[in-house]
file coords31.cif (mmCIF, C-alpha atoms and all ligand atoms)
data_protein
#
loop_
_atom_site.label_atom_id
_atom_site.label_comp_id
_atom_site.auth_asym_id
_atom_site.auth_seq_id
_atom_site.Cartn_x
_atom_site.Cartn_y
_atom_site.Cartn_z
CA MET A 1 0.00 0.00 0.00
CA PRO A 2 1.59 3.38 -0.93
CA THR A 3 2.15 5.89 1.84
CA PRO A 4 0.51 9.31 1.39
CA ASP A 5 3.60 10.92 -0.14
CA GLN A 6 4.04 8.16 -2.74
CA SER A 7 1.29 9.01 -5.20
CA PRO A 8 0.13 5.88 -7.00
CA ASP A 9 -0.31 5.98 -10.77
CA GLY A 10 -3.68 7.30 -11.75
CA LEU A 11 -4.16 9.45 -8.66
CA PRO A 12 -4.35 12.77 -10.59
CA ALA A 13 -7.18 11.33 -12.71
CA ARG A 14 -9.09 10.26 -9.58
CA ALA A 15 -8.52 13.64 -7.93
CA ALA A 16 -9.84 15.32 -11.08
CA ALA A 17 -12.88 13.01 -11.12
CA LEU A 18 -13.58 13.94 -7.50
CA ARG A 19 -13.52 17.63 -8.39
CA MET A 20 -15.81 17.04 -11.37
CA LEU A 21 -18.34 15.24 -9.19
CA ASP A 22 -18.19 18.04 -6.66
CA GLY A 23 -18.85 20.52 -9.48
CA VAL A 24 -21.86 18.56 -10.70
CA LEU A 25 -23.47 17.46 -7.46
CA ARG A 26 -22.69 20.39 -5.18
CA ARG A 27 -22.39 23.31 -7.58
CA GLY A 28 -24.93 22.20 -10.21
CA GLN A 29 -22.45 22.33 -13.13
CA SER A 30 -22.76 20.19 -16.23
CA LEU A 31 -20.15 17.44 -16.39
CA GLU A 32 -18.68 19.10 -19.48
CA ALA A 33 -18.23 22.39 -17.59
CA ALA A 34 -16.90 20.63 -14.48
CA ALA A 35 -14.44 18.70 -16.67
CA GLN A 36 -12.71 21.97 -17.64
CA GLY A 37 -11.01 21.73 -14.24
CA GLY A 38 -9.08 18.71 -15.54
CA ALA A 39 -7.95 20.41 -18.75
CA HIS A 40 -4.33 20.63 -17.48
CA LEU A 41 -4.04 16.81 -17.32
CA PRO A 42 -2.66 14.62 -20.11
CA PRO A 43 -5.50 13.47 -22.43
CA ALA A 44 -5.44 9.89 -21.09
CA ASP A 45 -5.94 11.12 -17.51
CA GLN A 46 -8.65 13.54 -18.62
CA GLY A 47 -10.45 10.69 -20.38
CA LEU A 48 -10.13 8.43 -17.35
CA ALA A 49 -11.37 11.15 -14.97
CA LEU A 50 -14.39 11.80 -17.19
CA ALA A 51 -15.14 8.08 -17.45
CA ILE A 52 -14.97 7.64 -13.66
CA ALA A 53 -17.15 10.68 -13.00
CA GLY A 54 -19.64 9.63 -15.70
CA GLU A 55 -19.96 6.05 -14.44
CA THR A 56 -20.29 7.27 -10.85
CA LEU A 57 -23.22 9.46 -11.90
CA ARG A 58 -24.77 6.66 -13.98
CA TRP A 59 -24.78 4.24 -11.03
CA LEU A 60 -25.06 6.61 -8.07
CA PRO A 61 -28.16 5.23 -6.26
CA ASP A 62 -26.83 1.66 -6.61
CA LEU A 63 -23.40 2.68 -5.33
CA ASP A 64 -25.02 4.32 -2.30
CA LEU A 65 -26.98 1.16 -1.53
CA LEU A 66 -23.75 -0.82 -1.56
CA ILE A 67 -21.97 1.71 0.66
CA ASP A 68 -24.83 1.85 3.16
CA SER A 69 -24.92 -1.94 3.34
CA ALA A 70 -21.29 -2.02 4.48
CA THR A 71 -21.23 0.57 7.28
CA ARG A 72 -23.40 1.38 10.25
CA LEU A 73 -21.98 4.90 10.31
CA PRO A 74 -24.35 7.27 8.51
CA LEU A 75 -22.30 8.99 5.80
CA ALA A 76 -23.70 12.34 4.65
CA ASP A 77 -24.78 12.48 1.02
CA ASP A 78 -22.09 15.05 0.25
CA ALA A 79 -19.36 13.60 2.48
CA LYS A 80 -16.03 13.28 0.71
CA ALA A 81 -15.67 9.71 2.01
CA ARG A 82 -18.95 8.73 0.33
CA MET A 83 -17.86 10.31 -2.96
CA VAL A 84 -14.48 8.54 -2.89
CA LEU A 85 -16.23 5.23 -2.18
CA ARG A 86 -18.73 5.84 -4.98
CA MET A 87 -15.89 6.48 -7.42
CA ALA A 88 -13.99 3.35 -6.37
CA LEU A 89 -17.10 1.18 -6.71
CA ALA A 90 -18.01 2.71 -10.08
CA GLN A 91 -14.57 1.72 -11.34
CA LYS A 92 -15.14 -1.81 -10.08
CA ILE A 93 -18.58 -2.12 -11.70
CA ALA A 94 -18.14 -0.31 -14.97
CA LEU A 95 -14.44 0.12 -15.76
CA ASN A 96 -12.92 -3.21 -14.71
CA THR A 97 -10.29 -1.48 -12.57
CA PRO A 98 -8.28 -4.05 -10.54
CA ASP A 99 -9.04 -4.02 -6.81
CA HIS A 100 -5.51 -3.04 -5.78
CA ALA A 101 -5.57 -0.01 -8.09
CA LEU A 102 -8.91 1.28 -6.92
CA VAL A 103 -7.96 0.93 -3.26
CA ALA A 104 -4.54 2.52 -3.82
CA THR A 105 -6.08 5.52 -5.60
CA ALA A 106 -9.02 5.93 -3.20
CA LEU A 107 -7.19 6.15 0.12
CA PRO A 108 -4.92 9.14 -0.65
CA LEU A 109 -8.05 11.13 -1.52
CA VAL A 110 -9.21 10.93 2.08
CA ASP A 111 -5.84 11.58 3.72
CA GLY A 112 -6.30 13.44 6.98
CA GLY A 113 -9.91 12.22 7.00
CA PRO A 114 -11.83 8.97 7.45
CA ARG A 115 -9.19 6.84 5.70
CA ARG A 116 -9.83 3.83 7.94
CA LEU A 117 -13.54 3.98 7.30
CA VAL A 118 -13.07 4.12 3.53
CA HIS A 119 -10.53 1.29 3.68
CA GLY A 120 -12.91 -0.78 5.82
CA VAL A 121 -15.98 -0.26 3.62
CA LEU A 122 -14.05 -0.95 0.44
CA GLY A 123 -12.41 -4.02 1.92
CA THR A 124 -15.76 -5.43 3.08
CA LEU A 125 -17.44 -4.84 -0.26
CA LEU A 126 -14.57 -6.16 -2.36
CA ARG A 127 -14.36 -9.30 -0.20
CA GLN A 128 -18.06 -10.04 -0.42
CA GLY A 129 -18.25 -9.22 -4.14
CA VAL A 130 -19.68 -6.04 -5.66
CA SER A 131 -22.68 -6.62 -7.86
CA VAL A 132 -25.50 -4.48 -9.20
CA GLY A 133 -28.38 -5.23 -11.55
CA ASP A 134 -28.26 -4.85 -15.33
CA ALA A 135 -29.67 -1.32 -15.21
CA PRO A 136 -28.96 1.47 -12.73
CA HIS A 137 -31.70 2.69 -10.42
CA LEU A 138 -32.87 6.27 -10.83
CA PRO A 139 -32.93 8.60 -7.83
CA LEU A 140 -36.28 7.94 -6.13
CA ILE A 141 -37.55 11.49 -6.65
CA VAL A 142 -36.88 11.27 -10.41
CA ALA A 143 -38.34 7.78 -10.76
CA GLU A 144 -41.52 8.90 -9.00
CA ARG A 145 -41.80 12.08 -11.06
CA TRP A 146 -41.49 10.15 -14.34
CA ARG A 147 -43.77 7.35 -13.13
CA ARG A 148 -46.49 9.95 -12.50
CA ALA A 149 -45.92 11.59 -15.90
CA TRP A 150 -45.33 8.58 -18.15
CA GLY A 151 -45.92 5.33 -16.24
CA THR A 152 -43.72 2.48 -15.02
CA PRO A 153 -42.64 1.11 -18.44
CA MET A 154 -41.03 4.48 -19.25
CA VAL A 155 -39.15 4.49 -15.91
CA GLU A 156 -37.86 0.98 -16.58
CA ALA A 157 -36.84 1.99 -20.12
CA ALA A 158 -35.07 5.09 -18.75
CA ARG A 159 -33.10 2.82 -16.38
CA ARG A 160 -32.04 0.62 -19.28
CA ALA A 161 -31.25 3.70 -21.38
CA ILE A 162 -28.93 5.20 -18.79
CA ALA A 163 -26.96 1.95 -18.48
CA HIS A 164 -24.97 2.57 -21.66
CA ARG A 165 -23.65 5.33 -23.82
CA PRO A 166 -25.91 5.67 -26.89
CA PRO A 167 -24.93 4.90 -30.48
CA LEU A 168 -23.44 7.66 -32.59
CA ASP A 169 -25.89 9.45 -34.90
CA LEU A 170 -24.70 11.55 -37.83
CA SER A 171 -26.67 14.12 -39.81
CA PHE A 172 -25.57 14.75 -43.39
CA LYS A 173 -25.29 17.96 -45.34
CA ASP A 174 -26.60 16.36 -48.54
CA ASP A 175 -27.43 13.02 -50.11
CA GLU A 176 -23.95 12.73 -51.58
CA ALA A 177 -22.31 12.98 -48.15
CA ALA A 178 -24.81 10.43 -46.81
CA HIS A 179 -23.90 8.06 -49.62
CA ALA A 180 -20.41 7.51 -48.13
CA PHE A 181 -22.15 5.88 -45.13
CA ALA A 182 -24.57 3.77 -47.16
CA HIS A 183 -23.35 0.68 -45.24
CA ALA A 184 -24.59 2.11 -41.90
CA THR A 185 -28.11 1.92 -40.49
CA SER A 186 -30.21 4.88 -41.55
CA LEU A 187 -33.41 5.65 -39.66
CA ALA A 188 -34.32 8.87 -41.48
CA PRO A 189 -33.25 10.80 -44.56
CA ARG A 190 -29.68 12.14 -44.26
CA HIS A 191 -29.09 10.13 -41.08
CA ALA A 192 -26.68 7.31 -40.20
CA ARG A 193 -26.34 5.38 -36.95
CA LEU A 194 -22.93 4.01 -35.99
CA ASP A 195 -21.58 1.97 -33.11
CA ARG A 196 -21.05 3.94 -29.88
CA SER A 197 -17.36 3.11 -29.91
CA SER A 198 -16.79 4.95 -33.21
CA ASN A 199 -14.07 7.59 -33.08
CA VAL A 200 -15.58 10.72 -34.61
CA ALA A 201 -12.34 12.29 -35.83
CA GLU A 202 -11.39 9.06 -37.63
CA LEU A 203 -14.65 8.68 -39.55
CA PRO A 204 -14.45 9.35 -43.29
CA GLY A 205 -15.33 12.87 -44.36
CA PHE A 206 -14.81 14.56 -40.97
CA GLY A 207 -12.38 17.07 -42.48
CA GLU A 208 -14.59 17.69 -45.50
CA GLY A 209 -17.52 18.62 -43.24
CA GLY A 210 -20.16 16.51 -44.95
CA TRP A 211 -21.76 15.60 -41.61
CA TRP A 212 -22.03 16.45 -37.94
CA VAL A 213 -22.87 14.49 -34.79
CA GLN A 214 -26.52 14.92 -33.80
CA ASP A 215 -28.84 12.56 -31.95
CA LEU A 216 -31.66 11.43 -34.21
CA ALA A 217 -34.26 12.96 -31.86
CA ALA A 218 -32.43 16.30 -31.99
CA SER A 219 -32.75 16.26 -35.77
CA LEU A 220 -36.57 16.03 -35.67
CA PRO A 221 -37.50 19.68 -34.88
CA ALA A 222 -35.78 21.05 -38.00
CA ARG A 223 -37.53 18.38 -40.08
CA LEU A 224 -40.81 20.10 -39.14
CA ILE A 225 -39.87 23.45 -40.65
CA PRO A 226 -42.02 23.59 -43.81
CA ALA A 227 -40.02 23.16 -47.01
CA GLY A 228 -41.68 26.28 -48.40
CA ALA A 229 -40.42 28.60 -45.65
CA THR A 230 -37.87 30.90 -47.28
CA THR A 231 -36.67 32.74 -44.19
CA VAL A 232 -36.18 30.88 -40.91
CA LEU A 233 -35.16 32.18 -37.50
CA ASP A 234 -33.34 29.66 -35.31
CA GLN A 235 -33.94 31.45 -32.03
CA CYS A 236 -31.66 29.45 -29.66
CA ALA A 237 -29.20 28.23 -32.22
CA ALA A 238 -25.79 27.33 -30.80
CA PRO A 239 -23.85 25.11 -31.27
CA GLY A 240 -25.82 24.84 -34.47
CA GLY A 241 -26.92 21.27 -35.21
CA LYS A 242 -30.34 22.51 -36.28
CA THR A 243 -29.00 25.63 -38.01
CA MET A 244 -26.87 23.36 -40.21
CA GLN A 245 -29.85 21.15 -41.04
CA LEU A 246 -31.92 24.19 -41.96
CA ALA A 247 -29.16 25.76 -44.06
CA ALA A 248 -28.51 22.41 -45.77
CA ALA A 249 -32.23 22.17 -46.57
CA GLY A 250 -31.95 25.47 -48.48
CA HIS A 251 -33.61 27.91 -46.06
CA ALA A 252 -32.19 31.40 -45.53
CA VAL A 253 -31.36 31.02 -41.84
CA THR A 254 -30.88 33.65 -39.17
CA ALA A 255 -29.25 31.93 -36.19
CA LEU A 256 -29.41 33.73 -32.87
CA ASP A 257 -27.88 32.91 -29.51
CA ARG A 258 -27.19 34.90 -26.39
CA LYS A 259 -23.66 33.67 -25.71
CA PRO A 260 -20.81 35.01 -27.86
CA SER A 261 -18.66 31.93 -27.13
CA ARG A 262 -21.44 29.67 -28.37
CA ILE A 263 -21.98 31.80 -31.48
CA ALA A 264 -18.24 31.41 -32.16
CA ARG A 265 -18.67 27.62 -31.96
CA LEU A 266 -21.62 27.84 -34.32
CA GLN A 267 -19.48 29.83 -36.77
CA GLN A 268 -16.78 27.12 -36.57
CA ASN A 269 -19.37 24.45 -37.31
CA LEU A 270 -20.64 26.41 -40.31
CA ASP A 271 -17.07 26.93 -41.53
CA ARG A 272 -16.32 23.20 -41.23
CA THR A 273 -19.45 22.17 -43.12
CA GLY A 274 -19.31 25.02 -45.66
CA LEU A 275 -22.87 26.06 -44.80
CA ALA A 276 -24.09 29.63 -44.35
CA ALA A 277 -26.35 31.47 -41.93
CA GLU A 278 -26.69 35.02 -40.69
CA LEU A 279 -25.45 34.99 -37.09
CA VAL A 280 -26.84 37.25 -34.38
CA THR A 281 -25.58 37.51 -30.82
CA ALA A 282 -28.50 38.81 -28.78
CA ASP A 283 -30.99 38.03 -26.06
CA ALA A 284 -33.91 36.38 -27.80
CA LEU A 285 -36.28 37.74 -25.16
CA THR A 286 -35.76 41.31 -26.29
CA TRP A 287 -34.36 41.07 -29.87
CA VAL A 288 -36.60 42.95 -32.29
CA PRO A 289 -35.59 42.59 -35.96
CA ASP A 290 -36.95 44.82 -38.72
CA ARG A 291 -38.68 41.87 -40.42
CA THR A 292 -40.68 38.73 -39.68
CA PHE A 293 -39.79 35.13 -40.64
CA ASP A 294 -41.69 32.46 -42.55
CA ALA A 295 -40.78 30.05 -39.76
CA VAL A 296 -39.28 30.35 -36.29
CA LEU A 297 -37.65 27.46 -34.42
CA VAL A 298 -37.46 27.77 -30.64
CA ASP A 299 -35.07 25.05 -29.44
CA ALA A 300 -35.33 26.28 -25.90
CA PRO A 301 -32.85 25.78 -23.05
CA CYS A 302 -34.22 23.17 -20.65
CA SER A 303 -33.32 20.65 -17.97
CA SER A 304 -32.02 18.38 -20.79
CA THR A 305 -33.28 15.29 -19.00
CA GLY A 306 -33.91 13.72 -22.42
CA THR A 307 -30.15 13.44 -22.90
CA LEU A 308 -29.65 11.24 -19.83
CA ARG A 309 -27.87 8.51 -21.81
CA ARG A 310 -25.00 10.80 -22.76
CA HIS A 311 -25.22 13.12 -19.77
CA PRO A 312 -26.25 11.08 -16.73
CA GLU A 313 -25.73 14.14 -14.53
CA VAL A 314 -28.88 15.79 -15.90
CA ILE A 315 -31.07 13.77 -13.57
CA TYR A 316 -29.28 15.33 -10.59
CA ARG A 317 -29.18 18.86 -11.98
CA ALA A 318 -32.87 18.95 -12.93
CA ARG A 319 -34.17 19.92 -9.51
CA PRO A 320 -37.74 21.28 -9.29
CA ALA A 321 -36.44 24.85 -8.73
CA ILE A 322 -34.29 24.65 -11.90
CA ILE A 323 -37.22 23.29 -13.91
CA GLU A 324 -39.39 26.13 -12.64
CA GLU A 325 -36.78 28.65 -13.81
CA THR A 326 -36.45 27.15 -17.29
CA VAL A 327 -40.24 26.93 -17.62
CA ALA A 328 -40.48 30.70 -17.10
CA LEU A 329 -37.73 31.27 -19.69
CA GLN A 330 -39.31 28.87 -22.22
CA THR A 331 -42.71 30.55 -21.79
CA ASN A 332 -41.21 33.97 -22.49
CA LEU A 333 -39.04 32.79 -25.39
CA LEU A 334 -42.04 31.21 -27.11
CA ALA A 335 -44.23 34.28 -26.54
CA HIS A 336 -41.58 36.58 -28.02
CA ALA A 337 -40.89 34.21 -30.93
CA ALA A 338 -44.60 34.31 -31.77
CA THR A 339 -44.29 38.03 -32.53
CA LEU A 340 -41.60 37.33 -35.14
CA VAL A 341 -43.56 34.88 -37.32
CA THR A 342 -45.07 36.06 -40.60
CA PRO A 343 -48.90 35.64 -40.65
CA GLY A 344 -49.66 32.02 -41.56
CA GLY A 345 -46.04 31.02 -40.85
CA ALA A 346 -44.76 28.16 -38.69
CA LEU A 347 -43.63 28.29 -35.07
CA VAL A 348 -41.81 25.15 -33.88
CA PHE A 349 -41.10 24.72 -30.17
CA ALA A 350 -38.76 21.98 -28.94
CA THR A 351 -37.01 20.89 -25.75
CA CYS A 352 -34.78 17.87 -25.04
CA SER A 353 -36.64 17.32 -21.79
CA LEU A 354 -38.62 14.46 -20.31
CA GLU A 355 -40.58 16.84 -18.11
CA PRO A 356 -44.11 17.59 -19.35
CA GLU A 357 -43.81 21.03 -17.68
CA GLU A 358 -41.10 21.88 -20.24
CA GLY A 359 -43.07 20.54 -23.20
CA GLU A 360 -46.80 19.87 -23.41
CA ALA A 361 -47.64 22.31 -20.59
CA ILE A 362 -45.70 25.19 -22.19
CA VAL A 363 -47.49 24.85 -25.51
CA GLU A 364 -50.92 24.31 -23.95
CA ALA A 365 -50.48 27.49 -21.88
CA PHE A 366 -49.23 29.34 -24.97
CA LEU A 367 -52.28 28.29 -27.00
CA ALA A 368 -54.61 29.36 -24.19
CA ALA A 369 -52.98 32.82 -24.22
CA HIS A 370 -52.68 33.03 -28.04
CA PRO A 371 -55.94 31.61 -29.40
CA GLY A 372 -55.08 32.66 -32.99
CA PHE A 373 -52.29 30.04 -33.13
CA ALA A 374 -53.19 26.41 -33.86
CA ILE A 375 -51.37 23.08 -33.66
CA ASP A 376 -50.16 21.87 -37.05
CA PRO A 377 -49.52 18.13 -36.54
CA PRO A 378 -46.59 16.59 -38.43
CA LYS A 379 -47.43 14.81 -41.65
CA PRO A 380 -46.32 11.17 -41.92
CA ALA A 381 -43.63 11.92 -44.53
CA GLU A 382 -42.00 14.54 -42.29
CA LEU A 383 -40.90 12.12 -39.57
CA PRO A 384 -39.45 8.59 -39.37
CA ASP A 385 -42.33 6.09 -39.32
CA PHE A 386 -41.65 5.02 -35.72
CA VAL A 387 -42.40 8.55 -34.46
CA THR A 388 -46.17 8.88 -34.18
CA PRO A 389 -47.64 12.23 -33.13
CA THR A 390 -49.70 12.24 -29.93
CA GLU A 391 -53.47 12.70 -30.03
CA SER A 392 -52.88 16.43 -29.51
CA GLY A 393 -50.62 16.57 -32.56
CA PHE A 394 -47.35 16.90 -30.59
CA VAL A 395 -44.18 14.86 -31.02
CA ARG A 396 -42.98 13.18 -27.83
CA THR A 397 -40.05 10.75 -27.83
CA LEU A 398 -39.48 8.77 -24.64
CA PRO A 399 -36.97 6.14 -23.49
CA GLY A 400 -38.10 2.77 -24.84
CA LEU A 401 -38.78 4.02 -28.39
CA ILE A 402 -36.82 1.89 -30.91
CA GLU A 403 -34.84 0.55 -27.96
CA GLU A 404 -33.68 -2.50 -29.89
CA GLN A 405 -32.18 -0.20 -32.54
CA GLY A 406 -30.32 1.90 -29.98
CA GLY A 407 -33.09 4.28 -28.88
CA LEU A 408 -33.03 8.07 -29.13
CA ASP A 409 -33.02 11.08 -26.85
CA GLY A 410 -36.18 12.25 -25.10
CA PHE A 411 -37.67 15.25 -26.92
CA PHE A 412 -40.84 17.30 -27.09
CA ILE A 413 -41.76 19.11 -30.31
CA ALA A 414 -44.83 21.08 -31.33
CA ARG A 415 -45.47 22.87 -34.61
CA LEU A 416 -47.91 25.75 -34.51
CA VAL A 417 -49.28 27.84 -37.32
CA ALA A 418 -49.57 31.60 -36.84
CA PRO A 419 -52.86 33.41 -37.44
CA ARG A 420 -53.23 34.79 -40.98
CA ASP A 421 -54.08 38.34 -39.89
C1 LIG B 501 -30.85 23.66 -26.37
S1 LIG B 501 -29.56 24.75 -26.69
C2 LIG B 501 -29.68 24.95 -28.44
C3 LIG B 501 -29.11 23.83 -29.26
C4 LIG B 501 -29.09 24.17 -30.74
N1 LIG B 501 -30.39 24.55 -31.24
C5 LIG B 501 -28.56 23.05 -31.60
O1 LIG B 501 -29.32 22.34 -32.22
O2 LIG B 501 -27.33 22.89 -31.64
C6 LIG B 501 -30.21 26.26 -26.11
C7 LIG B 501 -29.43 27.50 -26.48
O3 LIG B 501 -30.22 28.61 -26.06
C8 LIG B 501 -29.34 29.67 -25.75
N2 LIG B 501 -30.09 30.66 -24.96
C9 LIG B 501 -30.51 30.57 -23.68
N3 LIG B 501 -31.18 31.66 -23.32
C10 LIG B 501 -31.20 32.48 -24.39
C11 LIG B 501 -31.73 33.76 -24.65
N4 LIG B 501 -32.39 34.44 -23.71
N5 LIG B 501 -31.54 34.31 -25.86
C12 LIG B 501 -30.86 33.64 -26.82
N6 LIG B 501 -30.33 32.41 -26.64
C13 LIG B 501 -30.51 31.84 -25.44
C14 LIG B 501 -28.20 28.98 -25.03
O4 LIG B 501 -27.03 29.76 -25.08
C15 LIG B 501 -28.09 27.66 -25.82
O5 LIG B 501 -27.09 27.77 -26.80
#
call {"tool": "encode", "arguments": {"input": "coords31.cif", "output": "structure tokens", "more": "lines below"}}
Ligand SMILES: C[S@@+](CC[C@H](N)C(=O)[O-])C[C@H]1O[C@@H](n2cnc3c(N)ncnc32)[C@H](O)[C@@H]1O
result
Amino acid sequence: MPTPDQSPDGLPARAAALRMLDGVLRRGQSLEAAAQGGAHLPPADQGLALAIAGETLRWLPDLDLLIDSATRLPLADDAKARMVLRMALAQKIALNTPDHALVATALPLVDGGPRRLVHGVLGTLLRQGVSVGDAPHLPLIVAERWRRAWGTPMVEAARRAIAHRPPLDLSFKDDEAAHAFAHATSLAPRHARLDRSSNVAELPGFGEGGWWVQDLAASLPARLIPAGATTVLDQCAAPGGKTMQLAAAGHAVTALDRKPSRIARLQQNLDRTGLAAELVTADALTWVPDRTFDAVLVDAPCSSTGTLRRHPEVIYRARPAIIEETVALQTNLLAHAATLVTPGGALVFATCSLEPEEGEAIVEAFLAAHPGFAIDPPKPAELPDFVTPTESGFVRTLPGLIEEQGGLDGFFIARLVAPRD
């Protein structure tokens, strides 16, 4: 066993993972933002830290059950000892880390603290064998919320969905670019689905910019912009997956976002793909252009719980107070967007959320306050055949949909038509 001043290999990665988890669970950061703290590490350590933090978040309730079964001492939810134990057990369950390595890298993290406790709990669990089910449990509060909204089968499907990273979906600029991936599964026009282990930078055509990574569900909102719309406003546009789809489909796109750094990323994406859009850095809540648009897409910021497969931290960040805040923002964004649509034009509202408050409820409240607008349900040819609009004419994708083909993110989409006068 190394002494505290003999750092075992891999300790910097574990220390970085610990900081990332602190950023996510205590400070409410996204894992991507929290991972910036590890940017000074060599790429292999960064990758390992991210994998440990990600797997810890994926399995958190199950890890806590294991920990609590091995100690009579109540460990606070945010105690460092609990977090170090969670990380060690996540490595055991999901990353095949040898026992000696996970013990040797866990103990130095609690130096000057409950080192004996951590050693004892780990020793007990490793001796008796660490096992969890096939699918992680969801935090009780989330499972109950989704059970009320969508029923038990959806909760079970969400558990299975969070167990693995999803496959890699590509969207193509044109049919010619798609042709290079004709061997891959395609579930919609200009779409290809590849194995989750694919290395993006090594795929053919990356440099030429014929495609970009975009979950299939995230590609659906732009598919609902009517082909006949000449001018389109993409109201919350960065990093630009939907802007690129719209530009590739031939619309004259104005892409707006509040954050200059995100607009810069959108510009890079356009440069790489050779597509064009007018970029505007502004607050969509107050931006008043001198024209209206044939169609407006509101891809609103949200809790992002629909992306739980890629970002398991979303289920911890999406606390009721955060959802309440985004609901107010979504309501205001949609109301302002409605003033920018040409009479008879299309208004598409979308969120990558599994919370009905951030989807169905927003649009129902909007329609009650704007009786001139009406739901324009998607036509069969506009969506893949496995996506059936709800009775209300909305699109709602949930965990469990095309599960055997790799599933897709949770999304809500509604297309409305503006009054003619
Ligand atoms: C869900 S993301 C958009 C993803 C994007 N449509 C895509 O497909 O790549 C939401 C975006 O809304 C932006 N945003 C949030 N509040 C905004 C506001 N008040 N005005 C303009 N943009 C805003 C965020 O910066 C973020 O880039």
call {"tool": "axis_aligned_box", "arguments": {"input": "coords31.cif", "around": "ligand LIG 501 (chain B)", "padding_each_side": "5 Å", "output": "lines of an AutoDock Vina configuration file"}}
result
center_x = -29.7
center_y = 28.4
center_z = -27.8
size_x = 15.4
size_y = 22.1
size_z = 18.9
call {"tool": "closest_residue", "arguments": {"input": "coords31.cif", "among": "A:Ala53, A:Ala328, A:Leu102, A:Met154", "to": "ligand LIG 501 (chain B)", "atoms": "all atoms listed in the file"}}
result
A:Ala328
call {"tool": "residues_around", "arguments": {"input": "coords31.cif", "residues": "Thr231 in chain A", "least_positions_apart": "2", "cutoff": "12 Å", "atoms": "all atoms listed in the file", "output": "number ranges by chain"}}
result
A: 225-229, 233-234, 246-247, 249-255, 277-278, 291-297, 340-342, 345-346
call {"tool": "write_last_selection", "arguments": {"input": "coords31.cif", "atoms": "C-alpha atoms", "output": "CSV table (one decimal), in the frame of the given file"}}
result
chain,number,residue,atom,x,y,z
A,225,ILE,CA,-39.9,23.4,-40.6
A,226,PRO,CA,-42.0,23.6,-43.8
A,227,ALA,CA,-40.0,23.2,-47.0
A,228,GLY,CA,-41.7,26.3,-48.4
A,229,ALA,CA,-40.4,28.6,-45.6
A,233,LEU,CA,-35.2,32.2,-37.5
A,234,ASP,CA,-33.3,29.7,-35.3
A,246,LEU,CA,-31.9,24.2,-42.0
A,247,ALA,CA,-29.2,25.8,-44.1
A,249,ALA,CA,-32.2,22.2,-46.6
A,250,GLY,CA,-32.0,25.5,-48.5
A,251,HIS,CA,-33.6,27.9,-46.1
A,252,ALA,CA,-32.2,31.4,-45.5
A,253,VAL,CA,-31.4,31.0,-41.8
A,254,THR,CA,-30.9,33.6,-39.2
A,255,ALA,CA,-29.2,31.9,-36.2
A,277,ALA,CA,-26.4,31.5,-41.9
A,278,GLU,CA,-26.7,35.0,-40.7
A,291,ARG,CA,-38.7,41.9,-40.4
A,292,THR,CA,-40.7,38.7,-39.7
A,293,PHE,CA,-39.8,35.1,-40.6
A,294,ASP,CA,-41.7,32.5,-42.6
A,295,ALA,CA,-40.8,30.0,-39.8
A,296,VAL,CA,-39.3,30.4,-36.3
A,297,LEU,CA,-37.6,27.5,-34.4
A,340,LEU,CA,-41.6,37.3,-35.1
A,341,VAL,CA,-43.6,34.9,-37.3
A,342,THR,CA,-45.1,36.1,-40.6
A,345,GLY,CA,-46.0,31.0,-40.8
A,346,ALA,CA,-44.8,28.2,-38.7
call {"tool": "closest_residue", "arguments": {"input": "coords31.cif", "among": "A:Leu220, A:Ala318, A:Leu383, A:Val363", "to": "ligand LIG 501 (chain B)", "atoms": "all atoms listed in the file"}}
result
A:Leu220
call {"tool": "residues_near_ligand", "arguments": {"input": "coords31.cif", "ligand": "ligand LIG 501 (chain B)", "cutoff": "7 Å", "atoms": "only C-alpha atoms and all ligand atoms", "output": "number ranges by chain"}}
result
A: 218, 235-243, 256-259, 262, 282-285, 299-302, 351
call {"tool": "closest_residue", "arguments": {"input": "coords31.cif", "among": "A:His370, A:Arg420, A:His40, A:Arg26", "to": "Pro12 in chain A", "atoms": "all atoms listed in the file"}}
result
A:His40
call {"tool": "closest_residue", "arguments": {"input": "coords31.cif", "among": "A:Arg72, A:His100, A:Arg159, A:Arg223", "to": "Leu117 in chain A", "atoms": "all atoms listed in the file"}}
result
A:Arg72
call {"tool": "atom_distance", "arguments": {"input": "coords31.cif", "atom1": "CA of Val200 in chain A", "atom2": "CA of His183 in chain A"}}
result
16.6 Å
call {"tool": "atom_distance", "arguments": {"input": "coords31.cif", "atom1": "CA of Leu109 in chain A", "atom2": "CA of Val121 in chain A"}}
result
14.8 Å
call {"tool": "closest_residue", "arguments": {"input": "coords31.cif", "among": "A:Leu11, A:Arg310, A:Arg265, A:Val155", "to": "Glu55 in chain A", "atoms": "all atoms listed in the file"}}
result
A:Arg310
call {"tool": "closest_residue", "arguments": {"input": "coords31.cif", "among": "A:Ala365, A:Ala248, A:Leu187, A:Val348", "to": "Asp175 in chain A", "atoms": "all atoms listed in the file"}}
result
A:Ala248
call {"tool": "atom_distance", "arguments": {"input": "coords31.cif", "atom1": "CA of Met244 in chain A", "atom2": "CA of Trp287 in chain A"}}
result
21.8 Å
call {"tool": "residues_around", "arguments": {"input": "coords31.cif", "residues": "range 398-410 of chain A", "least_positions_apart": "3", "cutoff": "7 Å", "atoms": "all atoms listed in the file", "output": "list in words"}}
result
Met154, Ala157, Ala158, Ala161, Pro166, Pro167, Asp215, Leu216, Ala217, Gly306, Thr307, Cys352, Ser353 and Leu354 of chain A
